[in-house]
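Below is upload17.txt, which holds compact mmCIF, C-alpha atoms.
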```txt
# COMPACT_ATOMS: atom_id res chain seq x y z
CA MET A 1 16.19 41.39 -38.54
CA SER A 2 15.80 37.77 -39.61
CA TYR A 3 17.76 34.92 -38.06
CA THR A 4 19.69 34.68 -41.34
CA GLN A 5 20.78 38.32 -41.16
CA LEU A 6 21.62 38.13 -37.45
CA ALA A 7 23.63 34.94 -37.90
CA VAL A 8 25.76 36.48 -40.68
CA LEU A 9 26.17 39.63 -38.58
CA GLY A 10 27.18 37.50 -35.58
CA VAL A 11 29.93 35.80 -37.58
CA VAL A 12 31.24 39.13 -38.90
CA VAL A 13 31.24 40.66 -35.40
CA VAL A 14 33.16 37.78 -33.79
CA ILE A 15 35.71 37.81 -36.63
CA LEU A 16 36.25 41.53 -35.99
CA ILE A 17 36.48 40.92 -32.22
CA ASP A 18 39.04 38.14 -32.65
CA LEU A 19 41.23 39.88 -35.23
CA PHE A 20 40.97 43.55 -34.29
CA VAL A 21 39.31 44.18 -30.93
CA LEU A 22 40.86 41.57 -28.62
CA ARG A 23 43.60 40.80 -31.20
CA THR A 24 43.60 37.16 -30.12
CA ARG A 25 43.92 36.09 -33.80
CA LEU A 26 42.55 32.63 -33.08
CA LEU A 27 41.21 32.48 -36.62
CA ARG A 28 44.78 32.44 -37.88
CA ARG A 29 45.84 29.51 -35.70
CA LYS A 30 45.94 25.80 -36.42
CA ALA A 31 44.85 25.04 -32.85
CA PHE A 32 41.60 26.91 -33.44
CA TRP A 33 40.71 25.21 -36.74
CA VAL A 34 41.46 21.72 -35.44
CA SER A 35 39.36 22.35 -32.31
CA TYR A 36 36.57 23.87 -34.43
CA ALA A 37 36.54 20.81 -36.72
CA ILE A 38 35.95 18.63 -33.65
CA VAL A 39 33.35 20.99 -32.19
CA VAL A 40 31.37 21.39 -35.43
CA PHE A 41 31.06 17.61 -35.85
CA PHE A 42 29.51 17.23 -32.40
CA GLN A 43 27.44 20.36 -32.96
CA LEU A 44 25.87 18.76 -36.02
CA VAL A 45 25.10 15.62 -33.98
CA THR A 46 23.66 17.28 -30.86
CA ASN A 47 21.86 20.05 -32.73
CA GLY A 48 20.56 17.41 -35.13
CA VAL A 49 18.89 15.74 -32.15
CA LEU A 50 17.42 19.02 -30.87
CA THR A 51 16.09 20.10 -34.28
CA GLY A 52 15.23 16.62 -35.64
CA LEU A 53 13.12 15.85 -32.55
CA ARG A 54 11.73 19.39 -32.87
CA VAL A 55 12.73 20.40 -29.33
CA VAL A 56 13.52 23.71 -31.05
CA ARG A 57 11.34 24.87 -33.95
CA TYR A 58 11.94 27.65 -36.44
CA ASP A 59 9.84 30.14 -38.36
CA GLY A 60 10.30 29.99 -42.13
CA GLU A 61 10.07 33.78 -42.22
CA ALA A 62 13.30 34.05 -40.22
CA ILE A 63 15.46 31.39 -41.95
CA VAL A 64 16.49 30.39 -45.49
CA GLY A 65 14.40 27.21 -45.24
CA SER A 66 10.77 26.60 -44.31
CA THR A 67 9.02 26.56 -40.93
CA THR A 68 9.57 23.39 -38.89
CA PRO A 69 6.64 21.12 -39.82
CA VAL A 70 4.01 20.41 -37.16
CA ASP A 71 3.61 16.71 -37.98
CA GLY A 72 7.16 15.40 -38.39
CA PRO A 73 10.86 16.21 -38.56
CA PRO A 74 12.21 18.83 -41.00
CA PRO A 75 14.34 17.58 -43.94
CA PHE A 76 17.67 16.04 -42.92
CA LEU A 77 19.36 17.85 -45.81
CA GLY A 78 18.02 20.51 -48.15
CA ASP A 79 15.53 23.36 -47.83
CA GLY A 80 18.19 25.33 -45.95
CA ARG A 81 18.74 22.51 -43.44
CA ILE A 82 21.91 20.63 -42.56
CA ALA A 83 21.40 17.59 -40.31
CA PHE A 84 17.83 18.81 -39.56
CA ALA A 85 19.10 22.19 -38.32
CA PRO A 86 18.76 25.49 -40.19
CA LEU A 87 22.10 26.37 -41.77
CA GLU A 88 21.93 29.57 -39.70
CA ASP A 89 22.62 27.44 -36.61
CA LEU A 90 26.11 26.68 -37.97
CA LEU A 91 26.85 30.41 -38.09
CA PHE A 92 25.32 30.91 -34.64
CA GLY A 93 27.45 28.07 -33.27
CA PHE A 94 30.59 29.43 -34.92
CA ALA A 95 30.00 32.85 -33.31
CA LEU A 96 29.39 31.26 -29.91
CA VAL A 97 32.56 29.14 -30.05
CA VAL A 98 34.85 31.89 -31.40
CA LEU A 99 33.62 34.47 -28.88
CA ALA A 100 34.11 32.10 -25.93
CA GLN A 101 37.58 30.98 -27.03
CA ALA A 102 38.69 34.52 -27.87
CA VAL A 103 37.64 35.87 -24.46
CA TRP A 104 39.34 32.90 -22.76
CA VAL A 105 42.63 33.50 -24.61
CA TRP A 106 42.40 37.26 -24.07
CA LEU A 107 41.97 36.78 -20.30
CA GLY A 108 44.95 34.42 -20.25
CA ARG A 109 47.08 36.92 -22.11
CA ARG A 110 46.05 39.55 -19.55
CA GLY A 111 47.39 37.26 -16.81
CA VAL A 112 44.13 35.73 -15.55
CA GLN A 113 45.19 32.15 -14.75
CA ARG A 114 47.36 32.01 -17.85
CA THR A 115 49.12 29.04 -16.30
CA PRO A 116 49.18 26.16 -15.55
CA TYR A 117 48.91 25.35 -19.25
CA SER A 118 46.87 22.35 -20.31
CA GLY A 119 48.68 19.03 -20.61
CA PRO A 120 50.60 16.91 -20.85
CA PRO A 121 48.05 14.11 -21.45
CA ARG A 122 47.95 11.37 -18.81
CA VAL A 123 48.01 8.72 -21.54
CA ARG A 124 50.05 8.87 -24.73
CA MET A 125 47.79 10.25 -27.49
CA PRO A 126 48.16 9.58 -31.23
CA GLY A 127 49.96 12.51 -32.84
CA GLN A 128 51.11 13.83 -29.50
CA ALA A 129 53.91 16.38 -29.72
CA ASP A 130 57.14 15.56 -27.95
CA ASP A 131 57.87 17.71 -24.92
CA PRO A 132 60.44 20.18 -26.29
CA ARG A 133 61.37 21.59 -22.90
CA PRO A 134 64.98 21.20 -21.76
CA MET B 1 11.15 11.36 -19.38
CA ASN B 2 10.18 13.30 -22.47
CA HIS B 3 10.61 16.52 -20.54
CA LEU B 4 14.30 15.73 -20.11
CA THR B 5 15.18 15.59 -23.83
CA TYR B 6 16.89 18.98 -24.03
CA LEU B 7 18.51 18.53 -20.61
CA GLY B 8 19.72 15.10 -21.74
CA VAL B 9 21.49 16.59 -24.76
CA LEU B 10 23.25 19.06 -22.45
CA ALA B 11 24.27 16.22 -20.12
CA PHE B 12 25.67 14.33 -23.13
CA ILE B 13 27.85 17.34 -24.03
CA LEU B 14 29.07 17.72 -20.43
CA ILE B 15 29.95 14.03 -20.12
CA GLY B 16 31.36 13.86 -23.65
CA THR B 17 33.85 16.64 -22.89
CA GLY B 18 34.35 16.19 -19.12
CA TRP B 19 36.89 13.38 -19.51
CA LEU B 20 39.23 15.79 -21.33
CA GLU B 21 39.82 17.64 -18.05
CA ILE B 22 41.10 14.44 -16.44
CA VAL B 23 42.80 12.49 -19.25
CA LEU B 24 44.26 15.41 -21.21
CA ARG B 25 44.64 17.72 -18.19
CA THR B 26 42.89 20.60 -19.97
CA ARG B 27 42.71 22.57 -16.68
CA VAL B 28 39.62 24.50 -17.77
CA TYR B 29 37.53 23.58 -14.71
CA ALA B 30 40.66 23.96 -12.59
CA ARG B 31 41.05 27.55 -13.79
CA TRP B 32 37.48 28.30 -12.76
CA ARG B 33 37.95 32.04 -12.23
CA ARG B 34 39.13 32.47 -15.82
CA LEU B 35 36.26 30.22 -16.91
CA LEU B 36 33.63 32.27 -15.06
CA LEU B 37 35.02 35.54 -16.43
CA THR B 38 34.83 34.05 -19.94
CA LEU B 39 31.27 32.80 -19.53
CA LEU B 40 29.94 36.09 -18.14
CA PRO B 41 30.01 38.18 -21.36
CA VAL B 42 29.31 35.18 -23.61
CA VAL B 43 26.16 34.14 -21.72
CA ALA B 44 25.02 37.78 -21.56
CA VAL B 45 25.39 38.40 -25.30
CA PHE B 46 23.76 35.16 -26.38
CA VAL B 47 20.89 35.34 -23.90
CA VAL B 48 20.10 38.80 -25.32
CA TRP B 49 20.21 37.34 -28.85
CA ASP B 50 17.95 34.48 -27.72
CA LEU B 51 15.45 36.82 -26.08
CA TYR B 52 15.29 38.89 -29.26
CA ALA B 53 14.82 35.75 -31.36
CA ILE B 54 12.05 34.46 -29.08
CA ALA B 55 10.32 37.86 -29.04
CA SER B 56 10.56 38.05 -32.85
CA GLY B 57 9.29 34.49 -33.27
CA HIS B 58 12.49 33.22 -34.96
CA TRP B 59 12.35 30.07 -32.85
CA TRP B 60 10.41 28.50 -30.01
CA PHE B 61 10.64 25.44 -27.80
CA ASP B 62 8.54 22.30 -27.40
CA ALA B 63 7.01 22.42 -23.91
CA GLU B 64 6.74 18.61 -24.01
CA GLN B 65 10.51 18.15 -24.34
CA THR B 66 11.73 20.76 -21.87
CA THR B 67 11.47 20.87 -18.08
CA GLY B 68 8.94 23.71 -18.15
CA ILE B 69 11.20 25.99 -16.11
CA VAL B 70 11.00 29.20 -18.13
CA PHE B 71 12.55 32.57 -17.29
CA PRO B 72 11.07 35.99 -18.07
CA GLY B 73 11.12 36.62 -21.80
CA GLY B 74 10.15 33.00 -22.44
CA ILE B 75 13.68 31.58 -22.31
CA PRO B 76 13.77 28.00 -20.96
CA LEU B 77 16.30 26.97 -18.31
CA GLU B 78 17.90 24.59 -20.81
CA GLU B 79 18.55 27.38 -23.30
CA ILE B 80 20.48 29.39 -20.69
CA LEU B 81 22.44 26.28 -19.69
CA PHE B 82 23.21 25.74 -23.39
CA PHE B 83 25.19 29.00 -23.39
CA VAL B 84 27.25 27.70 -20.47
CA VAL B 85 27.70 24.10 -21.62
CA VAL B 86 28.62 24.75 -25.26
CA PRO B 87 31.30 27.42 -24.61
CA LEU B 88 32.68 25.17 -21.86
CA ALA B 89 32.90 22.30 -24.37
CA ALA B 90 34.60 24.63 -26.87
CA LEU B 91 37.22 25.68 -24.28
CA LEU B 92 37.84 22.06 -23.26
CA THR B 93 38.32 21.13 -26.92
CA LEU B 94 40.75 24.01 -27.57
CA GLU B 95 42.79 23.15 -24.48
CA ALA B 96 42.66 19.44 -25.35
CA VAL B 97 44.19 20.19 -28.76
CA ARG B 98 46.84 22.33 -27.08
CA SER B 99 47.54 19.63 -24.51
CA VAL B 100 48.31 17.11 -27.25
CA LYS B 101 49.97 19.34 -29.87
CA ARG B 102 51.51 22.20 -27.83
CA TRP B 103 50.41 24.54 -30.63
CA GLU B 104 50.48 28.29 -29.96
CA VAL B 105 47.06 29.62 -28.96
CA GLY B 106 47.82 33.26 -28.25
CA ASP B 107 48.03 33.64 -24.47
CA GLU B 108 51.70 32.62 -24.21
CA PRO B 109 54.23 35.30 -23.22
CA GLU B 110 56.62 36.74 -25.79
CA GLY B 111 59.27 34.22 -26.81
CA ALA B 112 57.55 31.16 -25.34
CA CYS B 113 56.68 29.78 -28.77
CA GLU B 114 58.84 28.89 -31.74
CA ASP B 115 57.33 28.13 -35.16
CA GLY B 116 53.87 28.01 -33.60
CA VAL B 117 54.81 25.46 -30.92
CA ARG B 118 55.30 26.21 -27.22
CA ARG B 119 58.87 25.59 -26.00
CA ASP B 120 58.67 27.26 -22.62
CA ASP B 121 56.01 26.47 -20.01
CA ALA B 122 56.88 29.28 -17.60
```

Please rewrite the model in this file as structure tokens.
Amino acid sequence: MSYTQLAVLGVVVVILIDLFVLRTRLLRRKAFWVSYAIVVFFQLVTNGVLTGLRVVRYDGEAIVGSTTPVDGPPPFLGDGRIAFAPLEDLLFGFALVVLAQAVWVWLGRRGVQRTPYSGPPRVRMPGQADDPRP
Amino acid sequence: MNHLTYLGVLAFILIGTGWLEIVLRTRVYARWRRLLLTLLPVVAVFVVWDLYAIASGHWWFDAEQTTGIVFPGGIPLEEILFFVVVPLAALLTLEAVRSVKRWEVGDEPEGACEDGVRRDDA
């Protein structure tokens, strides 16, 4: 299987794991999507460094775009690349993040160090929720 | 110096998320048993994927920009650490959001949350 096929399969599998196998249903929660928005921004930055500097190189046969050139960086945008990285990396990263968070939440629900919960922040954060406890 | 490029990116992710544990009290490192149990299957699955990708020639690594420590199957040390560091960053981010917003995540007991927000910390 190509990287493209595996990456799509990876996303489908983690969606099934989250919604139906572990039933963590992270994909239906605001907390997940806000955390993913933060993670994907930094993923584009750090993976952009790894792929732009060609620390990791890809075979054009395995991805939508072309093989990483031997004499310079791949395109920043276009030819199946987003911030130097193959678009498949976004799917790969999504699968990695969802699987890790789903297993973490599942373990917590099963009673593995469910508490102490995170928070409250040591410094007042913008948009911080008020403590609703009595 | 060049050989530390990949390792440097991993260090950047660790430092960039590490402060969340202290300032936002994410308690991900603190709950290290839950963390280890999470990482175990995730690292296993993604190392297998990586080994398959390397064997199939999907991707390869620049020997000039990695430490040169390579495990059987051709997987560099950095690549294995990547599957520890990135999930760790993802957990810290999720718990950081929860620390600030108190939004329901899914591990709270029945009745602890109301309209998607946690009311009871027991």

(request) Report the distance between atom CA of Ile13 of chain B and atom CA of Phe42 of chain A in Å, rounded to one decimal place. (result)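 If I compute the distance from atom CA of Ile13 of chain B to atom CA of Phe42 of chain A, I get 8.5 Å.
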
Contacts of Val97 of chain A within 9 Å, all atoms listed in the file, excl. fewer than 3 positions in-chain, as an mmCIF file with C-alpha atoms, in the coordinates of the input:
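Contents of around-v1.cif, as written:
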```cif
data_model
loop_
_atom_site.group_PDB
_atom_site.id
_atom_site.type_symbol
_atom_site.label_atom_id
_atom_site.label_comp_id
_atom_site.auth_asym_id
_atom_site.auth_seq_id
_atom_site.Cartn_x
_atom_site.Cartn_y
_atom_site.Cartn_z
ATOM 1 C CA TYR A 36 36.570 23.870 -34.430
ATOM 2 C CA VAL A 39 33.350 20.990 -32.190
ATOM 3 C CA PHE A 92 25.320 30.910 -34.640
ATOM 4 C CA GLY A 93 27.450 28.070 -33.270
ATOM 5 C CA PHE A 94 30.590 29.430 -34.920
ATOM 6 C CA ALA A 100 34.110 32.100 -25.930
ATOM 7 C CA GLN A 101 37.580 30.980 -27.030
ATOM 8 C CA ALA A 102 38.690 34.520 -27.870
ATOM 9 C CA VAL B 86 28.620 24.750 -25.260
ATOM 10 C CA PRO B 87 31.300 27.420 -24.610
ATOM 11 C CA ALA B 89 32.900 22.300 -24.370
ATOM 12 C CA ALA B 90 34.600 24.630 -26.870
ATOM 13 C CA LEU B 91 37.220 25.680 -24.280
#
```

Each chain B residue no farther than 7 Å from chain A, nearest pair in Å, only C-alpha atoms, as CSV:
```
residue,atom,partner,partner_atom,distance
B:Tyr6,CA,A:Leu50,CA,6.9
B:Val9,CA,A:Thr46,CA,6.5
B:Val23,CA,A:Arg122,CA,5.3
B:Leu24,CA,A:Pro121,CA,4.0
B:Arg25,CA,A:Gly119,CA,4.9
B:Thr26,CA,A:Ser118,CA,4.4
B:Arg27,CA,A:Ser118,CA,5.5
B:Arg31,CA,A:Gln113,CA,6.3
B:Arg34,CA,A:Val112,CA,6.0
B:Thr38,CA,A:Trp104,CA,5.4
B:Val42,CA,A:Ala100,CA,6.2
B:Gly57,CA,A:Asp59,CA,6.7
B:His58,CA,A:Asp59,CA,5.3
B:Trp59,CA,A:Tyr58,CA,4.3
B:Trp60,CA,A:Arg57,CA,5.4
B:Phe61,CA,A:Val56,CA,4.7
B:Asp62,CA,A:Val55,CA,5.0
B:Gln65,CA,A:Val55,CA,5.9
B:Pro87,CA,A:Ala100,CA,5.6
B:Ala90,CA,A:Val97,CA,5.9
B:Leu91,CA,A:Gln101,CA,6.0
B:Thr93,CA,A:Ser35,CA,5.6
B:Leu94,CA,A:Ser35,CA,5.2
B:Glu95,CA,A:Ser118,CA,5.9
B:Val97,CA,A:Ser35,CA,6.4
B:Arg98,CA,A:Ala31,CA,6.7
B:Ser99,CA,A:Gly119,CA,4.1
B:Val100,CA,A:Gln128,CA,4.9
B:Lys101,CA,A:Ala129,CA,4.9
B:Arg102,CA,A:Ala129,CA,6.6
B:Trp103,CA,A:Ala31,CA,6.0
B:Val105,CA,A:Ala31,CA,6.4
B:Gly106,CA,A:Thr24,CA,6.0
B:Asp107,CA,A:Arg109,CA,4.2
B:Glu108,CA,A:Arg109,CA,6.7
B:Arg119,CA,A:Pro132,CA,5.6
B:Asp120,CA,A:Arg133,CA,6.3
```

(message) Using only C-alpha atoms, can you tell me which of B:Ala96, B:Glu78, B:Ala30, B:Val43 comes closest to Gly8 of chain B?
(response)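 So, comparing all the options, the nearest one is B:Glu78.
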
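The two atoms in question, atom CA of Ile75 of chain B and atom CA of Val47 of chain B, are spaced 8.3 Å apart.
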
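Atom to atom, atom CA of Leu44 of chain A and atom CA of Gly74 of chain B stand 25.2 Å apart.
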
Starting from the point (15.9, 23.7, -45.4), work out which residues of protein, DNA or RNA have an atom no more than 10 Å away when counting all atoms listed in the file; state them as a short mmCIF file (atom, residue, chain, number, x, y, z; two decimals) with C-alpha atoms, in the frame of the given file.
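part_4.cif written:
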```
data_model
loop_
_atom_site.label_atom_id
_atom_site.label_comp_id
_atom_site.auth_asym_id
_atom_site.auth_seq_id
_atom_site.Cartn_x
_atom_site.Cartn_y
_atom_site.Cartn_z
CA GLY A 60 10.30 29.99 -42.13
CA ILE A 63 15.46 31.39 -41.95
CA VAL A 64 16.49 30.39 -45.49
CA GLY A 65 14.40 27.21 -45.24
CA SER A 66 10.77 26.60 -44.31
CA THR A 67 9.02 26.56 -40.93
CA THR A 68 9.57 23.39 -38.89
CA PRO A 74 12.21 18.83 -41.00
CA PRO A 75 14.34 17.58 -43.94
CA PHE A 76 17.67 16.04 -42.92
CA LEU A 77 19.36 17.85 -45.81
CA GLY A 78 18.02 20.51 -48.15
CA ASP A 79 15.53 23.36 -47.83
CA GLY A 80 18.19 25.33 -45.95
CA ARG A 81 18.74 22.51 -43.44
CA ILE A 82 21.91 20.63 -42.56
CA ALA A 83 21.40 17.59 -40.31
CA PHE A 84 17.83 18.81 -39.56
CA ALA A 85 19.10 22.19 -38.32
CA PRO A 86 18.76 25.49 -40.19
CA LEU A 87 22.10 26.37 -41.77
#
```

(message) Restricting the calculation to all atoms listed in the file: of B:Asp121, B:Leu51, B:Val85, B:Pro109, which residue gets closest to Gly18 of chain B?
(response)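 Ranking B:Asp121, B:Leu51, B:Val85, B:Pro109 by distance to Gly18 of chain B, first place goes to B:Val85.
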
(message) Ranking B:Leu35, B:Leu92, B:Leu40, B:Val70 by minimum distance to Ile22 of chain B and counting only C-alpha atoms, which one comes first?
(response)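 The shortest atom-to-atom distance to Ile22 of chain B comes from B:Leu92.
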